[in-house]
Amino acid sequence: MERKVHVQTTINGEAAEFLCEPRQSLLECLREILSLTGTKEGCNDGNCGACTVTMDGRIVTSCLVLGVEAQGSEITTIEGVARGNELHPLQKAFLEEAALQCGICTPGFIVAAKTLLDQEPHPTEERIRWWLANNLCRCTGYDKIVKAVQKAAAEVNQ
Amino acid sequence: MSTQYNVIGTRPIRHDGADKVTGRALYGADIQLAGLLHGAILRSPHAHARIKRIDTSKAEALAGVKAVATAADLPESGEKIVDLGEGATPLSYIRGNVLASGKALYRGHAIAGVAATSQHIAEEAAGLIEVEYEVLPCALTAPDAMRDGAPILHEDLHTKEFGETTGKVSNVADHFRFQIGNAEQGFEEADLIVEREFHTATVHQGYIEPQNATVLWNNDGRVQVWTSTQGSFAVRDTTACILDLPVAQVKVTPMEIGGGFGGKIPVYLEPVAAVLSKKSGRPVKIVMSRKDVFEGTGPTPGSFIRVKIGAKRDGTFTAAQGYLAYEAGAYPGAMVGPGAMCVFAAYDIPNVTVDGFDVVVNKPSTAAYRAPGATNAAFATETVVDEIAEKLGIDPVDLRLKNAAKEGTKRADGPKYRRIGCVEVLEAIKASAHYNAPLGGPNRGRGVGIGFWFNAGLPSSCTISVNADGSVNLVEGSTDIGGTRTSIAMQAAEVLGITAEQVHPSVVDTDSVGFTGVTGGSRTTFATGWAAYEAAQDVMRQMKERAAKLWETDASEVKAEGGVFSANGKRMTFAELAARIGETGGPIVGRGAVNPRGVGGSFSGVIADVEVDPETGKTQIVRFTSIQDVGKAIHPAYVEGQMQGGSVQGIGWALNEEYYMDESGTMRNSSLLDYRMPTTLDLPMIETIIVEVPNPGHPFGVRGVGEANIVPPPGAIANAIYRAAGVRLRTLPMKPSTVMEAIWAK
Ligand code: FES
Ligand code: FES
């Protein structure tokens with residue numbers, strides 16, 4: 001086994017450090033080492049978006065990032081979206097609009113959509129569809145997901 | 001109609017909602033246990049090969065490897081025939097699909113499993129297993145496999161014809177026929193006959209969460225399984241059967257499940273993980289890669305179909321004939337039976353003959369996929385019906401209305417319909433804003449299609465216990481894939497006169513609830529909802545007795561309405577009475593265990609507007625409406641969600657999705673980039689029209705909603721493409737190259 005690497009990073013606003021093998025993906029580090037299993041694996045090759053997290057404010061598919069690359073960066077995962085006990089407007093909207101069925105894609109969608117709303121408070125339907133095109137959902141047909149993002153956008157801007 | 005209910009028909013937030021939007025919900029792959037080992041599966045690189053020798057010594061010698069398993073580690077299955085809910089099947093097939101013995105029958109067929117201290121080591125070790133293969137020629141499609149001289153998959157498979165074993169060895173496991181009236185005579189009465197041939201590709205359910213299983217073979221001999229499955233009892237029984245254990249020696253804890261659509265009914269990993277756990281003495285988790293999911297789990301059959309329909313000048317159908325050859329994959333069991341029952345199920349035709357062929361081919365063993373078998377068949381029928389409408393100059397909806405199945409219509413396979421909603425679905429199409437709206441652009445066309453699915457009953461169990469605060473705990477065994485905890489809790493709440501939020505539903509392990517069939521067949525809200533209804537009735541009986549005790553009257557005097565008990569001018573709310581159950585006799589637990597008969601079939605329809613790019617052949621869906629008779633929508637938002645999800649799977653099936661196989665039987669597009677499922681950008685909003693023709697066989701009129709919606713999209717889209725581009729397509733998927741070739745050939 002290769003020597004493990006010591007990685008220091010910030011996850012959901014808190015300092016975090018872990019030891020990982022150089023070949024381990026960030027997704028693996030989050031799930032297996034840090035027990036942050038809210039980030040999901042659907043393909044492990046960048047094509048489903050279930051593993052979406054943000055790295056220094058940009059969305060990345062964490063299966064395509066190495067754990068060692070997280071050194072010094074700021075990571076946000078689904079576990080960091082709610083503010084304490086209060087759900088984020090996106091999380092509320094996903095529930096109110098029934099935007100999830102099985103829910104395996106939901107963490108990825110919420111993290112991706114939050115990044116959009118953080119940058120663009122008034123996205124059009126087309127813009128939302130463009131932004132979320134890297135996130136696959138097989139259950140919903142996306143209709144209610146897009147509507148939930150629209151609803152959350154309206155609420156965030158109130 | 002809906003005014004008579006307080007809870008049913010409303011849209012409460014699902015009970016598992018907070019867990020699922022915060023990442024707290026635990027799915028199968030999320031489980032972590034002390035000493036957990038990680039597993040990997042070695043799979044056959046050949047579509048058809050004799051396994052001459054397996055040498056696992058190098059894998060076993062790798063540091064970190066704790067156990068290796070092959071088929072030799074599974075108990076012999078002998079000649080045993082088992083029925084695990086999907087009909088009588090030789091155990092050797094089920095076992096053989098879990099780990100190949102003798103022959104590999106498809107590329108991706110599991111050969112061996114490894115457990116190691118990390119995923120990376122397990123994968124490395126799997127690569128060190130040496131397998132000597134004798135590669136055999138392969139048969140990849142139904143027509144290929146049915147040909148004389150085709151490579152034979154199973155030397156012991158004797159073709160069954162019309163229920164009798166013929167003694168002939170071939171790849172056709174079964175040839176059956178459904179017949180009513182006299183088709184030949186019916187065609188003679190017709191003024192117009194249209195007969196066409198269709199090919200549909202193998203497609204995958206495409207759930208986002210790969211299969212997974214974690215197993216601990218404990219020191220007391222009990223086998224504990226944690227997995228994402230549609231049916232925890234199905235996993236228990238299948239695993240026990242393969243391992244030759246008494247069923248209750250296996251305990252299955254269903255984790256949250258990331259989609260299934262029929263594909264998470266079969267067992268793949270559990271017996272392998274169990275053997276690895278037994279050998280290593282530690283819990284073992286195996287999670288499939290996406291490639292494993294495509295190559296190693298059951299897709300839905302590709303098919304060859306011929307459909308012939310005869311009609312009089314006024315549009316009346318006089319006869320129909322169907323020939324359906326479905327690819328079962330490596331082991332018999334293509335869903336051709338249901339396909340043949342559904343092919344003309346939406347129509348009242350007096351003379352029908354349908355021939356079905358269950359054909360084994362060198363592809364993964366197929367599994368159910370949302371209304372299994374029906375979508376392929378409806379693609380053929382709905383295209384032919386559309387052509388008849390065009391040739392006779394009749395509006396396609398009117399033609400369908402004229403021939404629509406209704407109460408009393410006899411289906412080709414025998415049964416007569418009870419109250420059904422086929423006509424109501426067609427009328428809803430006709431009355432819809434969408435059907436009457438202009439197309440709004442060049443190169444556009446509108447198509448319609450309808451479809452049918454039976455829905456299933458099957459056993460379900462539920463218990464409800466009353467809490468002193470007036471809430472109740474509901475325990476059930478149906479794994480929740482799309483909000484069924486809530487749709488079941490709502491039915492209990494309706495009976496109890498409390499709110500949905502006052503019901504706390506839990507999906508529990510196989511030790512903790514009575515037998516419950518799979519979450520499939522659109523049955524969960526119907527059947528487990530019914531069990532909850534019964535359990536709630538049982539609670540109400542006991543609550544009335546307690547009220548009677550307090551009021552010193554007879555229980556038959558106590559009335560209950562809207563959550564209030566009353567007798568002789570005295571009143572108590574559910575909560576007030578719940579607070580006093582301790583003093584009136586102790587805990588109240590209601591039970592419901594059902595195996596319901598009154599299953600109500602569901603009809604659905606689609607209106608699809610497409611725009612076909614004449615330069616590239618790419619088809620864009622510009623507007624889409626799904627219409628379905630659901631009986632009664634318990635939670636309308638989740639009903640719409642099922643309709644939208646099924647529609648979009650149908651759109652993917654119609655336009656893009658296929659197993660793109662090369663001649664050697666290798667799937668060349670086994671990633672989610674190349675197996676192109678619809679994304680947000682490919683789609684408009686999906687409009688829904690819920691039709692409610694109550695099912696007389698269910699206390700609340702529920703039919704079930706999960707499946708019928710996937711049936712009509714490919715036919716409707718083919719019909720829309722015809723109107724947009726002038727070409728009739730009879731091959732799925734209708735990808736750009738297929739469209740272009742048809743345009744060029746025009
Ligand atoms: S798991 Fe990373 S994109 Fe699918
Ligand atoms: S809700 Fe199941 S994949 Fe999106």
# chains A, B, ... in the order shown; residues from 1 in each chain; ligands from 1

$ residues_around --residues "stretch 55-65 of chain A" --least-positions-apart "2" --cutoff "8 Å" --atoms "only C-alpha atoms" --output "PyMOL selection string"
chain A and resi 25-28+41+44-46+49-53+67+69-70+73-76+111-112+115

$ interface_residues --of "chain B" --to "chain A" --cutoff "7 Å" --atoms "only C-alpha atoms" --output "MDAnalysis selection string"
chainID B and resid 13 17 20:24 30 206:210 257:259 289:290 481:483 637:638 641:642 644:645 648 672:673 679:681 685:686

$ closest_residue --among "B:Ser303, B:Phe379, B:Gln205, B:His635" --to "ligand 2" --atoms "only C-alpha atoms and all ligand atoms"
B:Gln205

$ closest_residue --among "B:Ala555, B:Val131, B:Val169, B:Ala720" --to "B:Leu439" --atoms "only C-alpha atoms"
B:Ala720

$ atom_distance --atom1 "atom CA of B:Asn455" --atom2 "atom CA of B:Gly590"
27.0 Å

$ residues_around --residues "A:Phe18" --least-positions-apart "5" --cutoff "10 Å" --atoms "only C-alpha atoms" --output "ChimeraX atom specification"
/A:4-9,29-30,33-34,67-68,71

$ write_last_selection --atoms "N, CA, C and O atoms" --output "mmCIF file, in the first residue's frame"
data_model
loop_
_atom_site.group_PDB
_atom_site.id
_atom_site.type_symbol
_atom_site.label_atom_id
_atom_site.label_comp_id
_atom_site.auth_asym_id
_atom_site.auth_seq_id
_atom_site.Cartn_x
_atom_site.Cartn_y
_atom_site.Cartn_z
ATOM 1 N N LYS A 4 0.195 6.997 3.076
ATOM 2 C CA LYS A 4 -0.951 7.906 3.103
ATOM 3 C C LYS A 4 -0.477 9.355 3.185
ATOM 4 O O LYS A 4 0.608 9.640 3.671
ATOM 5 N N VAL A 5 -1.332 10.229 2.711
ATOM 6 C CA VAL A 5 -1.005 11.652 2.673
ATOM 7 C C VAL A 5 -1.897 12.380 3.677
ATOM 8 O O VAL A 5 -3.082 12.075 3.811
ATOM 9 N N HIS A 6 -1.310 13.326 4.354
ATOM 10 C CA HIS A 6 -2.061 14.134 5.321
ATOM 11 C C HIS A 6 -2.665 15.333 4.587
ATOM 12 O O HIS A 6 -1.945 16.101 3.962
ATOM 13 N N VAL A 7 -4.000 15.457 4.638
ATOM 14 C CA VAL A 7 -4.676 16.550 3.932
ATOM 15 C C VAL A 7 -5.377 17.440 4.945
ATOM 16 O O VAL A 7 -6.104 16.955 5.815
ATOM 17 N N GLN A 8 -5.126 18.740 4.812
ATOM 18 C CA GLN A 8 -5.821 19.718 5.668
ATOM 19 C C GLN A 8 -6.733 20.546 4.808
ATOM 20 O O GLN A 8 -6.313 21.087 3.770
ATOM 21 N N THR A 9 -7.971 20.653 5.231
ATOM 22 C CA THR A 9 -8.945 21.326 4.395
ATOM 23 C C THR A 9 -10.053 21.901 5.275
ATOM 24 O O THR A 9 -10.024 21.754 6.497
ATOM 25 N N CYS A 29 -12.945 9.864 0.109
ATOM 26 C CA CYS A 29 -12.474 10.427 1.379
ATOM 27 C C CYS A 29 -13.647 10.929 2.195
ATOM 28 O O CYS A 29 -13.725 10.694 3.400
ATOM 29 N N LEU A 30 -14.568 11.638 1.534
ATOM 30 C CA LEU A 30 -15.726 12.164 2.251
ATOM 31 C C LEU A 30 -16.540 11.025 2.852
ATOM 32 O O LEU A 30 -16.894 11.042 4.026
ATOM 33 N N ILE A 33 -13.753 7.946 4.766
ATOM 34 C CA ILE A 33 -12.848 8.365 5.838
ATOM 35 C C ILE A 33 -13.567 9.316 6.796
ATOM 36 O O ILE A 33 -13.464 9.193 8.003
ATOM 37 N N LEU A 34 -14.327 10.255 6.232
ATOM 38 C CA LEU A 34 -14.954 11.279 7.079
ATOM 39 C C LEU A 34 -16.415 10.946 7.425
ATOM 40 O O LEU A 34 -17.075 11.709 8.118
ATOM 41 N N GLY A 67 -8.586 13.124 -3.365
ATOM 42 C CA GLY A 67 -8.622 13.616 -1.987
ATOM 43 C C GLY A 67 -7.477 14.578 -1.718
ATOM 44 O O GLY A 67 -7.657 15.613 -1.064
ATOM 45 N N VAL A 68 -6.307 14.249 -2.241
ATOM 46 C CA VAL A 68 -5.134 15.092 -1.968
ATOM 47 C C VAL A 68 -5.286 16.486 -2.573
ATOM 48 O O VAL A 68 -4.674 17.446 -2.110
ATOM 49 N N GLN A 71 -6.411 19.647 -0.424
ATOM 50 C CA GLN A 71 -5.494 20.363 0.466
ATOM 51 C C GLN A 71 -5.694 21.882 0.336
ATOM 52 O O GLN A 71 -5.624 22.430 -0.764
#

$ atom_distance --atom1 "atom CA of B:Asn473" --atom2 "atom CA of B:Ala578"
12.6 Å

$ decode --residues "stretch 398-444 of chain B" --atoms "C-alpha atoms" --output "PDB file, in the first residue's frame"
ATOM      1  CA  ASP B 398     -61.652   8.906 -32.187  1.00  0.00           C
ATOM      2  CA  LEU B 399     -60.429   5.655 -33.700  1.00  0.00           C
ATOM      3  CA  ARG B 400     -59.150   4.563 -30.312  1.00  0.00           C
ATOM      4  CA  LEU B 401     -62.380   5.641 -28.626  1.00  0.00           C
ATOM      5  CA  LYS B 402     -64.367   3.614 -31.112  1.00  0.00           C
ATOM      6  CA  ASN B 403     -62.417   0.482 -30.209  1.00  0.00           C
ATOM      7  CA  ALA B 404     -61.535   1.225 -26.597  1.00  0.00           C
ATOM      8  CA  ALA B 405     -61.644  -1.552 -24.017  1.00  0.00           C
ATOM      9  CA  LYS B 406     -64.331  -1.120 -21.382  1.00  0.00           C
ATOM     10  CA  GLU B 407     -66.057  -2.960 -18.576  1.00  0.00           C
ATOM     11  CA  GLY B 408     -66.878  -6.411 -19.920  1.00  0.00           C
ATOM     12  CA  THR B 409     -64.281  -6.413 -22.720  1.00  0.00           C
ATOM     13  CA  LYS B 410     -62.533  -9.763 -22.914  1.00  0.00           C
ATOM     14  CA  ARG B 411     -58.763  -9.672 -23.216  1.00  0.00           C
ATOM     15  CA  ALA B 412     -57.012 -12.164 -25.501  1.00  0.00           C
ATOM     16  CA  ASP B 413     -55.565 -13.996 -22.512  1.00  0.00           C
ATOM     17  CA  GLY B 414     -58.992 -14.601 -21.049  1.00  0.00           C
ATOM     18  CA  PRO B 415     -60.070 -12.217 -18.310  1.00  0.00           C
ATOM     19  CA  LYS B 416     -62.949  -9.790 -18.679  1.00  0.00           C
ATOM     20  CA  TYR B 417     -62.350  -6.253 -17.475  1.00  0.00           C
ATOM     21  CA  ARG B 418     -64.120  -4.936 -14.454  1.00  0.00           C
ATOM     22  CA  ARG B 419     -64.613  -1.156 -14.264  1.00  0.00           C
ATOM     23  CA  ILE B 420     -61.683   0.446 -16.139  1.00  0.00           C
ATOM     24  CA  GLY B 421     -60.779   3.920 -17.319  1.00  0.00           C
ATOM     25  CA  CYS B 422     -59.609   3.514 -20.909  1.00  0.00           C
ATOM     26  CA  VAL B 423     -62.444   5.586 -22.379  1.00  0.00           C
ATOM     27  CA  GLU B 424     -62.021   8.242 -19.692  1.00  0.00           C
ATOM     28  CA  VAL B 425     -58.314   8.535 -20.494  1.00  0.00           C
ATOM     29  CA  LEU B 426     -59.088   9.008 -24.198  1.00  0.00           C
ATOM     30  CA  GLU B 427     -61.770  11.564 -23.422  1.00  0.00           C
ATOM     31  CA  ALA B 428     -59.314  13.429 -21.216  1.00  0.00           C
ATOM     32  CA  ILE B 429     -56.859  13.518 -24.124  1.00  0.00           C
ATOM     33  CA  LYS B 430     -59.523  14.910 -26.415  1.00  0.00           C
ATOM     34  CA  ALA B 431     -60.644  17.538 -23.935  1.00  0.00           C
ATOM     35  CA  SER B 432     -57.134  18.635 -22.968  1.00  0.00           C
ATOM     36  CA  ALA B 433     -55.745  22.072 -23.733  1.00  0.00           C
ATOM     37  CA  HIS B 434     -52.702  20.375 -25.215  1.00  0.00           C
ATOM     38  CA  TYR B 435     -54.572  18.279 -27.770  1.00  0.00           C
ATOM     39  CA  ASN B 436     -56.432  21.363 -28.954  1.00  0.00           C
ATOM     40  CA  ALA B 437     -53.454  23.733 -29.046  1.00  0.00           C
ATOM     41  CA  PRO B 438     -51.647  24.678 -32.274  1.00  0.00           C
ATOM     42  CA  LEU B 439     -48.280  23.024 -32.911  1.00  0.00           C
ATOM     43  CA  GLY B 440     -46.507  26.341 -33.119  1.00  0.00           C
ATOM     44  CA  GLY B 441     -43.695  25.795 -35.588  1.00  0.00           C
ATOM     45  CA  PRO B 442     -42.315  24.016 -38.655  1.00  0.00           C
ATOM     46  CA  ASN B 443     -41.030  20.428 -38.598  1.00  0.00           C
ATOM     47  CA  ARG B 444     -43.334  19.682 -35.749  1.00  0.00           C
TER      48      ARG B 444
END
